[in-house]
Every structure is written in C-alpha cells, then in structure tokens.
>>> print(open('protein.cif').read())   # mmCIF, C-alpha atoms
data_structure
#
loop_
_atom_site.label_atom_id
_atom_site.label_comp_id
_atom_site.auth_asym_id
_atom_site.auth_seq_id
_atom_site.Cartn_x
_atom_site.Cartn_y
_atom_site.Cartn_z
CA ILE A 1 7.98 19.28 16.11
CA GLY A 2 9.21 19.68 12.52
CA PRO A 3 12.95 19.72 13.34
CA ARG A 4 12.58 16.71 15.66
CA LEU A 5 10.78 14.75 12.95
CA ALA A 6 13.42 15.66 10.37
CA ALA A 7 16.23 14.65 12.73
CA GLY A 8 14.61 11.30 13.50
CA GLU A 9 14.21 12.17 17.19
CA LEU A 10 10.42 11.90 17.01
CA VAL A 11 8.31 9.24 15.27
CA ALA A 12 4.85 10.31 14.12
CA THR A 13 2.04 8.20 12.72
CA VAL A 14 -1.63 8.39 11.76
CA ALA A 15 -4.23 6.30 13.60
CA TRP A 16 -6.49 5.59 10.61
CA HIS A 17 -8.12 2.25 11.23
CA GLU A 18 -10.94 1.27 13.54
CA ASP A 19 -13.03 -1.88 14.01
CA ASP A 20 -14.11 -2.24 10.38
CA GLY A 21 -10.52 -2.19 9.12
CA LEU A 22 -11.08 0.76 6.77
CA PRO A 23 -9.54 4.24 7.12
CA ALA A 24 -11.92 6.21 9.35
CA ILE A 25 -12.08 9.70 7.87
CA ASP A 26 -15.71 10.70 7.30
CA ALA A 27 -17.25 9.38 10.54
CA PRO A 28 -14.69 8.05 13.06
CA ALA A 29 -16.07 6.10 16.00
CA VAL A 30 -13.46 7.66 18.30
CA ARG A 31 -15.15 10.52 20.18
CA LEU A 32 -13.86 13.85 21.47
CA ALA A 33 -15.98 15.44 24.18
CA PRO A 34 -15.59 18.73 26.11
CA ALA A 35 -13.99 18.28 29.54
CA GLY A 36 -13.01 21.27 31.64
CA ASP A 37 -10.74 23.61 29.71
CA GLY A 38 -10.04 20.97 27.06
CA PHE A 39 -11.43 17.67 25.87
CA ALA A 40 -11.53 13.95 26.65
CA LEU A 41 -10.86 11.33 24.00
CA ASP A 42 -12.56 7.91 23.99
CA GLY A 43 -12.33 5.04 21.53
CA HIS A 44 -10.17 2.42 19.89
CA LYS A 45 -7.79 2.53 16.92
CA ARG A 46 -6.45 -0.68 15.38
CA ALA A 47 -3.33 -1.61 13.44
CA VAL A 48 -1.69 1.79 13.90
CA PRO A 49 1.62 1.69 11.98
CA PHE A 50 4.52 2.09 14.42
CA GLY A 51 1.92 2.79 17.10
CA ALA A 52 4.11 1.55 19.97
CA GLU A 53 7.17 3.46 18.72
CA ALA A 54 5.46 6.75 17.86
CA GLY A 55 5.75 9.75 20.13
CA LEU A 56 3.13 11.70 18.20
CA LEU A 57 -0.23 10.36 17.00
CA LEU A 58 -2.49 12.15 14.53
CA VAL A 59 -6.01 10.96 15.32
CA PRO A 60 -9.21 11.53 13.30
CA ALA A 61 -12.15 11.77 15.67
CA THR A 62 -15.74 12.96 15.90
CA MET A 63 -16.57 15.82 18.23
CA ASP A 64 -19.76 15.14 20.18
CA ALA A 65 -21.01 18.69 19.75
CA GLY A 66 -22.56 18.66 16.27
CA HIS A 67 -20.70 15.46 15.31
CA ALA A 68 -18.02 17.52 13.59
CA LEU A 69 -14.95 15.82 12.17
CA VAL A 70 -11.71 16.82 13.90
CA ALA A 71 -8.04 16.01 13.48
CA LEU A 72 -5.98 16.18 16.64
CA GLN A 73 -2.45 15.38 17.72
CA VAL A 74 -1.79 13.25 20.78
CA ASP A 75 1.57 13.49 22.53
CA ALA A 76 2.04 9.81 23.37
CA GLN A 77 5.37 10.41 25.13
CA ALA A 78 3.84 12.95 27.50
CA GLN A 79 0.89 10.68 28.24
CA ALA A 80 3.21 7.74 28.99
CA THR A 81 5.25 9.94 31.33
CA ALA A 82 2.12 11.14 33.13
CA GLY A 83 1.15 7.53 33.80
CA ALA A 84 -2.54 8.35 33.86
CA GLY A 85 -3.48 4.91 32.53
CA ARG A 86 -5.82 6.42 29.96
CA LEU A 87 -3.74 5.54 26.90
CA GLU A 88 -3.32 1.80 26.30
CA VAL A 89 -0.93 0.68 23.56
CA VAL A 90 -0.83 -3.04 22.67
CA PRO A 91 1.76 -4.07 20.05
CA ALA A 92 0.18 -6.08 17.22
CA PRO A 93 2.68 -6.73 14.40
CA ALA A 94 1.23 -6.82 10.89
CA ILE A 95 1.20 -9.99 8.78
CA ASP A 96 4.37 -8.85 6.98
CA GLY A 97 6.21 -8.23 10.25
CA MET A 98 5.92 -4.44 10.19
CA PRO A 99 5.41 -2.89 13.65
CA SER A 100 1.87 -1.80 14.48
CA ALA A 101 -0.27 -1.50 17.58
CA ASP A 102 -3.83 -1.31 18.82
CA ILE A 103 -4.43 1.88 20.82
CA ARG A 104 -7.28 2.55 23.24
CA PHE A 105 -8.21 5.96 24.60
CA ASP A 106 -10.11 6.03 27.90
CA ALA A 107 -11.21 9.60 28.72
CA LEU A 108 -7.73 10.72 27.68
CA PRO A 109 -7.24 14.43 28.52
CA ILE A 110 -6.66 16.47 25.36
CA PRO A 111 -5.76 20.19 25.52
CA ALA A 112 -7.62 22.54 23.19
CA SER A 113 -4.33 23.35 21.44
CA ALA A 114 -4.07 19.72 20.27
CA VAL A 115 -6.99 20.12 17.83
CA VAL A 116 -5.29 20.68 14.48
CA ALA A 117 -8.36 21.12 12.27
CA ARG A 118 -12.14 20.88 12.36
CA GLY A 119 -14.97 20.32 9.89
CA GLU A 120 -14.08 20.74 6.21
CA ASP A 121 -10.53 21.77 7.10
CA ALA A 122 -10.06 18.46 8.92
CA ARG A 123 -11.64 16.54 6.03
CA GLY A 124 -9.30 18.22 3.55
CA LEU A 125 -6.22 17.63 5.70
CA LEU A 126 -7.06 13.98 6.35
CA GLY A 127 -7.92 13.41 2.71
CA TRP A 128 -4.52 14.73 1.65
CA MET A 129 -2.80 12.56 4.26
CA ARG A 130 -4.73 9.47 3.12
CA ASP A 131 -3.64 10.03 -0.48
CA ALA A 132 -0.04 10.77 0.54
CA TRP A 133 -0.01 7.60 2.65
CA ARG A 134 -1.27 5.52 -0.28
CA VAL A 135 1.32 6.98 -2.64
CA ALA A 136 4.10 6.34 -0.11
CA SER A 137 2.88 2.75 0.30
CA CYS A 138 2.95 2.30 -3.48
CA ALA A 139 6.53 3.60 -3.58
CA ASP A 140 7.47 1.15 -0.82
CA ALA A 141 5.93 -1.72 -2.81
CA LEU A 142 7.77 -0.53 -5.91
CA GLY A 143 11.09 -0.83 -4.09
CA ALA A 144 10.20 -4.36 -3.00
CA MET A 145 9.32 -5.31 -6.58
CA ARG A 146 12.62 -3.96 -7.87
CA ARG A 147 14.52 -6.03 -5.34
CA LEU A 148 12.56 -9.17 -6.22
CA VAL A 149 13.37 -8.74 -9.89
CA GLU A 150 17.06 -8.10 -9.11
CA MET A 151 17.22 -11.30 -7.04
CA THR A 152 15.48 -13.27 -9.74
CA GLY A 153 17.81 -11.94 -12.45
CA GLU A 154 20.82 -12.97 -10.39
CA TYR A 155 19.34 -16.43 -9.88
CA LEU A 156 18.60 -16.92 -13.59
CA ARG A 157 22.25 -16.17 -14.38
CA VAL A 158 23.72 -18.69 -11.93
CA ARG A 159 21.17 -21.54 -11.81
CA GLN A 160 22.43 -24.32 -14.06
CA GLN A 161 20.20 -26.81 -15.83
CA PHE A 162 21.31 -29.20 -18.58
CA GLY A 163 24.77 -27.61 -18.50
CA ALA A 164 23.68 -23.98 -19.08
CA PRO A 165 22.18 -21.10 -17.03
CA ILE A 166 18.39 -21.21 -17.11
CA GLY A 167 18.43 -17.52 -18.02
CA GLN A 168 19.36 -18.56 -21.56
CA ASN A 169 15.89 -20.05 -21.96
CA GLN A 170 14.01 -17.76 -24.34
CA ALA A 171 10.66 -18.19 -22.59
CA LEU A 172 12.19 -17.15 -19.26
CA ARG A 173 13.88 -14.18 -20.91
CA HIS A 174 10.56 -12.94 -22.28
CA ARG A 175 8.84 -13.35 -18.92
CA PHE A 176 11.68 -11.54 -17.18
CA VAL A 177 11.46 -8.60 -19.60
CA ASP A 178 7.70 -8.43 -18.95
CA LEU A 179 8.46 -7.92 -15.23
CA HIS A 180 10.64 -4.93 -16.06
CA LEU A 181 7.83 -3.46 -18.18
CA ALA A 182 5.38 -3.92 -15.30
CA ILE A 183 7.74 -2.08 -12.96
CA ARG A 184 8.16 0.79 -15.43
CA GLU A 185 4.37 1.22 -15.47
CA VAL A 186 4.28 1.41 -11.69
CA GLU A 187 7.15 3.91 -11.67
CA ALA A 188 5.27 6.20 -14.03
CA THR A 189 2.00 6.08 -12.08
CA CYS A 190 3.77 6.58 -8.73
CA GLU A 191 5.72 9.58 -10.03
CA TYR A 192 2.54 11.12 -11.42
CA ALA A 193 0.70 10.56 -8.14
CA ALA A 194 3.58 12.04 -6.12
CA VAL A 195 3.58 15.20 -8.25
CA SER A 196 -0.22 15.41 -7.97
CA LEU A 197 -0.01 15.60 -4.17
CA ASP A 198 1.22 19.19 -4.47
CA ARG A 199 -0.08 20.33 -7.85
CA ALA A 200 -3.57 18.92 -8.26
CA ASP A 201 -6.92 19.67 -6.67
CA ALA A 202 -8.41 17.17 -4.25
CA GLN A 203 -10.37 15.21 -6.86
CA ALA A 204 -7.47 14.97 -9.32
CA ARG A 205 -5.08 14.08 -6.48
CA ALA A 206 -7.30 11.24 -5.27
CA HIS A 207 -7.73 10.00 -8.85
CA ALA A 208 -3.94 9.91 -9.35
CA ALA A 209 -3.53 8.01 -6.08
CA ASP A 210 -6.23 5.54 -7.20
CA ILE A 211 -4.39 4.92 -10.47
CA ALA A 212 -1.09 4.35 -8.67
CA HIS A 213 -2.76 2.03 -6.17
CA TYR A 214 -4.42 -0.06 -8.88
CA ALA A 215 -1.26 -0.31 -11.00
CA THR A 216 0.89 -1.18 -7.98
CA VAL A 217 -1.37 -3.92 -6.64
CA ARG A 218 -1.76 -5.50 -10.07
CA ALA A 219 1.99 -5.44 -10.75
CA ALA A 220 2.96 -6.56 -7.24
CA TRP A 221 0.78 -9.65 -7.53
CA ARG A 222 2.25 -10.53 -10.91
CA VAL A 223 5.88 -9.83 -9.99
CA SER A 224 5.72 -11.78 -6.73
CA GLN A 225 4.09 -14.81 -8.37
CA GLU A 226 6.45 -14.82 -11.35
CA CYS A 227 9.59 -14.42 -9.23
CA VAL A 228 8.61 -17.28 -6.94
CA GLN A 229 7.82 -19.48 -9.94
CA MET A 230 11.12 -18.67 -11.69
CA HIS A 231 12.99 -19.66 -8.53
CA GLY A 232 11.21 -23.02 -8.65
CA GLY A 233 11.53 -25.13 -5.50
CA ILE A 234 13.84 -22.58 -3.89
CA GLY A 235 11.18 -19.91 -4.38
CA MET A 236 8.56 -22.05 -2.67
CA ALA A 237 10.94 -22.69 0.23
#
>>> encode(input="protein.cif", output="structure tokens")
Amino acid sequence: IGPRLAAGELVATVAWHEDDGLPAIDAPAVRLAPAGDGFALDGHKRAVPFGAEAGLLLVPATMDAGHALVALQVDAQAQATAGAGRLEVVPAPAIDGMPSADIRFDALPIPASAVVARGEDARGLLGWMRDAWRVASCADALGAMRRLVEMTGEYLRVRQQFGAPIGQNQALRHRFVDLHLAIREVEATCEYAAVSLDRADAQARAHAADIAHYATVRAAWRVSQECVQMHGGIGMA
C-alpha cells in the first residue's frame, strides 16, 4: 500500500464524521460485528474527504463485543469490483467545492486482516491521525492566506485612485503589514505543531495542534475579511 500511496496510484482517506458532524473517535456509531471468519460493518459516515475518489478508507468503528474501539481499513476498490451492493458512496461536495462523499455500510464483509488496531492502540492511532489531519488543514489554510495577501499586494500596487496607487495610502500600508505579521504567527504555530507530531507525547501533541488550530482560524478570518475590504467593490464581487 505504501508505494502505491507515494506514487499517487492509490488515494486514501479517513471517514471521521458521522451524524453529529464531529470526528467520531471515542464512540463511533458505525458497528463492526462478527460474521463467519471475519466481520460485517454497518453504519453511515458523512462528509468523507475524497470519499468517492478514495480506494482505501480508514474507518473508526465500535466492535459489538465489549464495545471496543477499532480502526479498520476498507478496500473500496475491491468492494466496488465485487458489486455486492453493500457499500454505497454518494458524492456530496463541501461548501468550498472540495470533493467529499457520504458513505453507507450495509453488512459490508470485512476480513479479520482489515482490523488495524483495537482498544487503546486504536485510540492512540486515531488520536494521532486526528491531530495530523488538523495540522495539515492548518497548513492548507496558511497557503490560502499567503495567496490572498499576494493578490491583495498586487492589487494595491496597480489600483489607481486620485492619480496614485492606493498602496501609497499609509493606513492601507499599516493594515497590509499587519496581515504579514498574522501569517508569520500562523507559520510559527504550524511548524511547532508539525514537529510535535513526531516528537511530543499525546497530550503535548494535541495541545500543539490546538494552538495551531486557534491561531489559524483567528488569522484566516482576519486575513480574508481584510483582503476583501481592501479590494473594495471588486472584492465583494
């Protein structure tokens, strides 16, 4: 699997979300029950990123026996080829246009070898993946903020008002510098969180991801609002 992922031949994703819209780690509603030599998977995952494109799904679930937490991998390509009708994938693009899908499991056969981790091992693995996902999302937002500021800087240099570029306005210059400072703060917190994924214990890792998440959301709101406002009517359009 590793070489195929690295080569881009296989897309993998994590089916975090369920009906309440929050990442289901501690007590997923999706159930894994014994069936013959393996298991059967039942339940519904929502807004799975790249769910329709993924060939491999990592699914948190609850095992009926003892209600233990499990993490298992589902070979979506193999299930589609089998045509058993027990894996339903409905594309549901996110509000920002990113691909996602709702996925329903109906007594989907799961081999015993597909169970990656159980109990505390599964909780630790899923916790690490949740934090890594959040840090990656923060880095993605950081790239978007950088591009917004670049576009706004270009606009301030070419937009003419009263015979001069509006970027010569001192108030706009100060506001534009403040955006760069906000981005530098996000860069620092994201870098710290990324390093913490490998070097810190679980509590410190989650704390670093929390800091990066908070700083990113706060800066993203400010940068987006300021860039739209500096573009004026064009920004609103």
>>> atom_distance(input="protein.cif", atom1="atom CA of Ala54 of chain A", atom2="atom CA of Ser100 of chain A")
9.9 Å
>>> axis_aligned_box(input="protein.cif", around="segment 30-46 of chain A", padding_each_side="5 Å", output="JSON")
{"center_x": -11.2, "center_y": 11.5, "center_z": 23.5, "size_x": 19.5, "size_y": 34.3, "size_z": 26.3}
>>> residues_around(input="protein.cif", residues="Val116 of chain A", least_positions_apart="6", cutoff="10 Å", atoms="all atoms listed in the file", output="short mmCIF file (atom, residue, chain, number, x, y, z; two decimals) with C-alpha atoms, in the coordinates of the input")
data_model
loop_
_atom_site.label_atom_id
_atom_site.label_comp_id
_atom_site.auth_asym_id
_atom_site.auth_seq_id
_atom_site.Cartn_x
_atom_site.Cartn_y
_atom_site.Cartn_z
CA LEU A 58 -2.49 12.15 14.53
CA VAL A 59 -6.01 10.96 15.32
CA VAL A 70 -11.71 16.82 13.90
CA ALA A 71 -8.04 16.01 13.48
CA LEU A 72 -5.98 16.18 16.64
CA GLN A 73 -2.45 15.38 17.72
CA ALA A 122 -10.06 18.46 8.92
CA LEU A 125 -6.22 17.63 5.70
#
>>> residues_around(input="protein.cif", residues="segment 110-112 of chain A", least_positions_apart="6", cutoff="6 Å", atoms="all atoms listed in the file", output="count of residues only")
3
>>> resolve_selection(input="protein.cif", expression="the PyMOL selection byres ((chain A and resi 109) around 12)", output="JSON, numbers by chain")
{"A": [32, 33, 34, 35, 36, 37, 38, 39, 40, 41, 42, 73, 74, 75, 76, 78, 79, 82, 84, 85, 86, 87, 105, 106, 107, 108, 110, 111, 112, 113, 114]}
>>> closest_residue(input="protein.cif", among="A:Tyr155, A:Phe50, A:Tyr192, A:Trp128", to="His213 of chain A", atoms="only C-alpha atoms")
A:Tyr192
>>> build_atoms(input="protein.cif", residues="segment 133-162 of chain A", atoms="N, CA and C atoms", output="PDB file, in the frame of the given file")
ATOM      1  N   TRP A 133      -0.345   8.896   2.052  1.00  0.00           N
ATOM      2  CA  TRP A 133      -0.010   7.600   2.650  1.00  0.00           C
ATOM      3  C   TRP A 133      -0.090   6.499   1.597  1.00  0.00           C
ATOM      4  N   ARG A 134      -1.126   6.547   0.761  1.00  0.00           N
ATOM      5  CA  ARG A 134      -1.270   5.520  -0.280  1.00  0.00           C
ATOM      6  C   ARG A 134      -0.132   5.604  -1.289  1.00  0.00           C
ATOM      7  N   VAL A 135       0.240   6.822  -1.668  1.00  0.00           N
ATOM      8  CA  VAL A 135       1.320   6.980  -2.640  1.00  0.00           C
ATOM      9  C   VAL A 135       2.645   6.498  -2.042  1.00  0.00           C
ATOM     10  N   ALA A 136       2.875   6.817  -0.767  1.00  0.00           N
ATOM     11  CA  ALA A 136       4.100   6.340  -0.110  1.00  0.00           C
ATOM     12  C   ALA A 136       4.114   4.821  -0.021  1.00  0.00           C
ATOM     13  N   SER A 137       2.963   4.207   0.243  1.00  0.00           N
ATOM     14  CA  SER A 137       2.880   2.750   0.300  1.00  0.00           C
ATOM     15  C   SER A 137       3.162   2.133  -1.063  1.00  0.00           C
ATOM     16  N   CYS A 138       2.678   2.789  -2.123  1.00  0.00           N
ATOM     17  CA  CYS A 138       2.950   2.300  -3.480  1.00  0.00           C
ATOM     18  C   CYS A 138       4.441   2.373  -3.782  1.00  0.00           C
ATOM     19  N   ALA A 139       5.089   3.469  -3.353  1.00  0.00           N
ATOM     20  CA  ALA A 139       6.530   3.600  -3.580  1.00  0.00           C
ATOM     21  C   ALA A 139       7.301   2.535  -2.808  1.00  0.00           C
ATOM     22  N   ASP A 140       6.842   2.213  -1.612  1.00  0.00           N
ATOM     23  CA  ASP A 140       7.470   1.150  -0.820  1.00  0.00           C
ATOM     24  C   ASP A 140       7.345  -0.195  -1.536  1.00  0.00           C
ATOM     25  N   ALA A 141       6.147  -0.478  -2.074  1.00  0.00           N
ATOM     26  CA  ALA A 141       5.930  -1.720  -2.810  1.00  0.00           C
ATOM     27  C   ALA A 141       6.774  -1.752  -4.081  1.00  0.00           C
ATOM     28  N   LEU A 142       6.940  -0.603  -4.713  1.00  0.00           N
ATOM     29  CA  LEU A 142       7.770  -0.530  -5.910  1.00  0.00           C
ATOM     30  C   LEU A 142       9.212  -0.921  -5.599  1.00  0.00           C
ATOM     31  N   GLY A 143       9.737  -0.447  -4.487  1.00  0.00           N
ATOM     32  CA  GLY A 143      11.090  -0.830  -4.090  1.00  0.00           C
ATOM     33  C   GLY A 143      11.214  -2.323  -3.847  1.00  0.00           C
ATOM     34  N   ALA A 144      10.185  -2.919  -3.231  1.00  0.00           N
ATOM     35  CA  ALA A 144      10.200  -4.360  -3.000  1.00  0.00           C
ATOM     36  C   ALA A 144      10.178  -5.127  -4.318  1.00  0.00           C
ATOM     37  N   MET A 145       9.381  -4.653  -5.274  1.00  0.00           N
ATOM     38  CA  MET A 145       9.320  -5.310  -6.580  1.00  0.00           C
ATOM     39  C   MET A 145      10.668  -5.234  -7.298  1.00  0.00           C
ATOM     40  N   ARG A 146      11.303  -4.090  -7.243  1.00  0.00           N
ATOM     41  CA  ARG A 146      12.620  -3.960  -7.870  1.00  0.00           C
ATOM     42  C   ARG A 146      13.607  -4.966  -7.296  1.00  0.00           C
ATOM     43  N   ARG A 147      13.591  -5.097  -5.979  1.00  0.00           N
ATOM     44  CA  ARG A 147      14.520  -6.030  -5.340  1.00  0.00           C
ATOM     45  C   ARG A 147      14.202  -7.469  -5.727  1.00  0.00           C
ATOM     46  N   LEU A 148      12.935  -7.819  -5.801  1.00  0.00           N
ATOM     47  CA  LEU A 148      12.560  -9.170  -6.220  1.00  0.00           C
ATOM     48  C   LEU A 148      13.068  -9.477  -7.621  1.00  0.00           C
ATOM     49  N   VAL A 149      12.933  -8.512  -8.519  1.00  0.00           N
ATOM     50  CA  VAL A 149      13.370  -8.740  -9.890  1.00  0.00           C
ATOM     51  C   VAL A 149      14.898  -8.824  -9.952  1.00  0.00           C
ATOM     52  N   GLU A 150      15.590  -8.015  -9.158  1.00  0.00           N
ATOM     53  CA  GLU A 150      17.060  -8.100  -9.110  1.00  0.00           C
ATOM     54  C   GLU A 150      17.502  -9.486  -8.634  1.00  0.00           C
ATOM     55  N   MET A 151      16.877  -9.975  -7.563  1.00  0.00           N
ATOM     56  CA  MET A 151      17.220 -11.300  -7.040  1.00  0.00           C
ATOM     57  C   MET A 151      16.950 -12.394  -8.055  1.00  0.00           C
ATOM     58  N   THR A 152      15.825 -12.253  -8.756  1.00  0.00           N
ATOM     59  CA  THR A 152      15.480 -13.270  -9.740  1.00  0.00           C
ATOM     60  C   THR A 152      16.439 -13.248 -10.922  1.00  0.00           C
ATOM     61  N   GLY A 153      16.836 -12.037 -11.362  1.00  0.00           N
ATOM     62  CA  GLY A 153      17.810 -11.940 -12.450  1.00  0.00           C
ATOM     63  C   GLY A 153      19.139 -12.573 -12.090  1.00  0.00           C
ATOM     64  N   GLU A 154      19.576 -12.353 -10.842  1.00  0.00           N
ATOM     65  CA  GLU A 154      20.820 -12.970 -10.390  1.00  0.00           C
ATOM     66  C   GLU A 154      20.693 -14.493 -10.377  1.00  0.00           C
ATOM     67  N   TYR A 155      19.547 -14.988  -9.954  1.00  0.00           N
ATOM     68  CA  TYR A 155      19.340 -16.430  -9.880  1.00  0.00           C
ATOM     69  C   TYR A 155      19.320 -17.058 -11.287  1.00  0.00           C
ATOM     70  N   LEU A 156      18.675 -16.384 -12.232  1.00  0.00           N
ATOM     71  CA  LEU A 156      18.600 -16.920 -13.590  1.00  0.00           C
ATOM     72  C   LEU A 156      19.981 -16.998 -14.244  1.00  0.00           C
ATOM     73  N   ARG A 157      20.896 -16.155 -13.798  1.00  0.00           N
ATOM     74  CA  ARG A 157      22.250 -16.170 -14.380  1.00  0.00           C
ATOM     75  C   ARG A 157      23.132 -17.268 -13.796  1.00  0.00           C
ATOM     76  N   VAL A 158      22.834 -17.716 -12.580  1.00  0.00           N
ATOM     77  CA  VAL A 158      23.720 -18.690 -11.930  1.00  0.00           C
ATOM     78  C   VAL A 158      23.122 -20.091 -11.839  1.00  0.00           C
ATOM     79  N   ARG A 159      21.811 -20.216 -11.921  1.00  0.00           N
ATOM     80  CA  ARG A 159      21.170 -21.540 -11.810  1.00  0.00           C
ATOM     81  C   ARG A 159      21.436 -22.334 -13.079  1.00  0.00           C
ATOM     82  N   GLN A 160      22.077 -23.468 -12.918  1.00  0.00           N
ATOM     83  CA  GLN A 160      22.430 -24.320 -14.060  1.00  0.00           C
ATOM     84  C   GLN A 160      21.414 -25.448 -14.239  1.00  0.00           C
ATOM     85  N   GLN A 161      21.070 -25.683 -15.494  1.00  0.00           N
ATOM     86  CA  GLN A 161      20.200 -26.810 -15.830  1.00  0.00           C
ATOM     87  C   GLN A 161      20.584 -27.310 -17.226  1.00  0.00           C
ATOM     88  N   PHE A 162      20.855 -28.601 -17.326  1.00  0.00           N
ATOM     89  CA  PHE A 162      21.310 -29.200 -18.580  1.00  0.00           C
ATOM     90  C   PHE A 162      22.591 -28.530 -19.096  1.00  0.00           C
TER      91      PHE A 162
END
